[in-house]
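Student: The structure under discussion is supplied below as structure tokens; questions concerning it will follow.
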Amino acid sequence: MEIRTGSEGETAMTDAPPVPLEGGGPGATSVGAPDPGLLRAQENLWPARAAEMAAIFMVGDGLLGLLQPSRHVDLWKDDALGTEALVHPFVDRPGRRRLYAVVQIAAGLALAARQRAR
């Protein structure tokens, strides 16, 4: 309950809050605390989202390795912040890179398929 004084000096008691509330409008009376279950559900989505991003990376990198194996490996074989050792088995071996690409795409799709919004 709030007491307001008007411009003419009259005093009135009102149930309206002094500032607009979330949702606005004259029918808004209070802002309740968010549902804890909803917050837990949103927090639990982050691992699924991270896994989905990893799956997107795996599928995309796999497609590049499948379609352009030599170009893709050449880009990462020198001065690439430590990735040289990871790429070395694929240098001058496009067939090996393509085989790895198929496995990478399949693993990425399997990972993405397991993710569910809760």
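So you can find residues: chains in the structure tokens are A, B, ... in the order shown, residues in each start at 1, and ligands are numbered from 1 in order.
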Please list as a PyMOL selection string every residue within 10 Å of A:His72, counting only C-alpha atoms and excluding residues in the same chain fewer than 3 positions away.
Tutor: chain A and resi 61+64-69+75-77+87+90-91+94+97
Student: Selection from above, C-alpha atoms, as a short mmCIF file (atom, residue, chain, number, x, y, z; two decimals), in the first residue's frame, can you write it?
Tutor:
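To be explicit, this is the file written out as part18.cif:
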```cif
data_model
loop_
_atom_site.label_atom_id
_atom_site.label_comp_id
_atom_site.auth_asym_id
_atom_site.auth_seq_id
_atom_site.Cartn_x
_atom_site.Cartn_y
_atom_site.Cartn_z
CA ASP A 61 35.78 -29.76 -40.56
CA LEU A 64 36.30 -29.65 -45.72
CA GLY A 65 38.61 -32.63 -45.18
CA LEU A 66 36.45 -34.82 -47.42
CA LEU A 67 36.05 -32.35 -50.28
CA GLN A 68 39.43 -30.56 -50.18
CA PRO A 69 41.83 -32.77 -48.20
CA LEU A 75 46.58 -24.79 -44.26
CA TRP A 76 47.34 -26.37 -40.87
CA LYS A 77 50.67 -28.15 -41.38
CA VAL A 87 47.97 -32.84 -39.07
CA PHE A 90 47.58 -36.55 -43.22
CA VAL A 91 50.31 -34.61 -45.09
CA PRO A 94 44.53 -37.26 -49.09
CA ARG A 97 42.34 -37.52 -44.60
#
```
Student: Which residue is closest to A:Arg96? Choose from A:Leu45, A:Met58, A:Ala50, A:Val73 and count only C-alpha atoms.
Tutor: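 Under the stated criterion, the closest residue is A:Val73.
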Student: Can you list, as number ranges by chain, every residue of stretch 74-113 of chain A that DSSP puts in alpha helix (DSSP H)?
Tutor: A: 74-76, 84-87, 94-113
Student: Save the residues we just selected, N, CA and C atoms, as a CSV table (one decimal), in the first residue's frame?
Tutor:
```csv
chain,number,residue,atom,x,y,z
A,74,ASP,N,47.2,-28.6,-45.9
A,74,ASP,CA,48.3,-27.6,-46.1
A,74,ASP,C,48.1,-26.4,-45.3
A,75,LEU,N,46.9,-26.0,-45.0
A,75,LEU,CA,46.6,-24.8,-44.3
A,75,LEU,C,47.1,-24.9,-42.8
A,76,TRP,N,47.0,-26.1,-42.3
A,76,TRP,CA,47.3,-26.4,-40.9
A,76,TRP,C,48.7,-27.1,-40.6
A,84,GLU,N,50.5,-28.8,-35.9
A,84,GLU,CA,51.3,-29.5,-36.9
A,84,GLU,C,51.4,-31.0,-36.6
A,85,ALA,N,51.6,-31.3,-35.3
A,85,ALA,CA,51.6,-32.8,-34.9
A,85,ALA,C,50.3,-33.5,-35.2
A,86,LEU,N,49.2,-32.8,-35.0
A,86,LEU,CA,47.9,-33.4,-35.3
A,86,LEU,C,47.7,-33.7,-36.8
A,87,VAL,N,48.2,-32.8,-37.6
A,87,VAL,CA,48.0,-32.8,-39.1
A,87,VAL,C,49.0,-33.7,-39.8
A,94,PRO,N,45.9,-37.7,-49.0
A,94,PRO,CA,44.5,-37.3,-49.1
A,94,PRO,C,43.5,-38.4,-48.8
A,95,GLY,N,43.8,-39.6,-49.2
A,95,GLY,CA,42.9,-40.7,-48.9
A,95,GLY,C,42.7,-41.0,-47.4
A,96,ARG,N,43.8,-40.8,-46.7
A,96,ARG,CA,43.8,-41.0,-45.2
A,96,ARG,C,42.9,-39.9,-44.6
A,97,ARG,N,43.1,-38.7,-45.1
A,97,ARG,CA,42.3,-37.5,-44.6
A,97,ARG,C,40.9,-37.7,-44.9
A,98,ARG,N,40.5,-38.2,-46.1
A,98,ARG,CA,39.1,-38.4,-46.5
A,98,ARG,C,38.5,-39.5,-45.6
A,99,LEU,N,39.2,-40.6,-45.3
A,99,LEU,CA,38.7,-41.6,-44.4
A,99,LEU,C,38.4,-41.0,-43.0
A,100,TYR,N,39.4,-40.2,-42.5
A,100,TYR,CA,39.2,-39.6,-41.2
A,100,TYR,C,38.0,-38.6,-41.3
A,101,ALA,N,37.8,-38.0,-42.4
A,101,ALA,CA,36.7,-37.0,-42.6
A,101,ALA,C,35.4,-37.7,-42.4
A,102,VAL,N,35.3,-38.9,-43.0
A,102,VAL,CA,34.0,-39.7,-43.0
A,102,VAL,C,33.7,-40.1,-41.5
A,103,VAL,N,34.7,-40.5,-40.8
A,103,VAL,CA,34.6,-40.8,-39.4
A,103,VAL,C,34.2,-39.6,-38.6
A,104,GLN,N,34.8,-38.5,-38.9
A,104,GLN,CA,34.6,-37.2,-38.2
A,104,GLN,C,33.1,-36.8,-38.4
A,105,ILE,N,32.6,-36.8,-39.6
A,105,ILE,CA,31.3,-36.4,-40.0
A,105,ILE,C,30.3,-37.4,-39.2
A,106,ALA,N,30.5,-38.7,-39.3
A,106,ALA,CA,29.6,-39.6,-38.6
A,106,ALA,C,29.6,-39.4,-37.1
A,107,ALA,N,30.7,-39.1,-36.5
A,107,ALA,CA,30.8,-38.9,-35.1
A,107,ALA,C,30.1,-37.6,-34.7
A,108,GLY,N,30.2,-36.6,-35.6
A,108,GLY,CA,29.6,-35.3,-35.3
A,108,GLY,C,28.1,-35.4,-35.4
A,109,LEU,N,27.6,-36.1,-36.4
A,109,LEU,CA,26.1,-36.3,-36.6
A,109,LEU,C,25.6,-37.2,-35.4
A,110,ALA,N,26.3,-38.2,-35.0
A,110,ALA,CA,25.9,-39.0,-33.8
A,110,ALA,C,25.8,-38.1,-32.6
A,111,LEU,N,26.8,-37.3,-32.4
A,111,LEU,CA,26.8,-36.4,-31.2
A,111,LEU,C,25.6,-35.4,-31.2
A,112,ALA,N,25.4,-34.8,-32.4
A,112,ALA,CA,24.3,-33.9,-32.5
A,112,ALA,C,22.9,-34.6,-32.3
A,113,ALA,N,22.8,-35.8,-32.8
A,113,ALA,CA,21.5,-36.5,-32.6
A,113,ALA,C,21.2,-36.9,-31.2
```
Student: In Å, with one decimal, what is the gap from atom CA of A:His88 to atom CA of A:Leu63?
Tutor: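 One can read the atom CA of A:His88 to atom CA of A:Leu63 distance as 18.9 Å.
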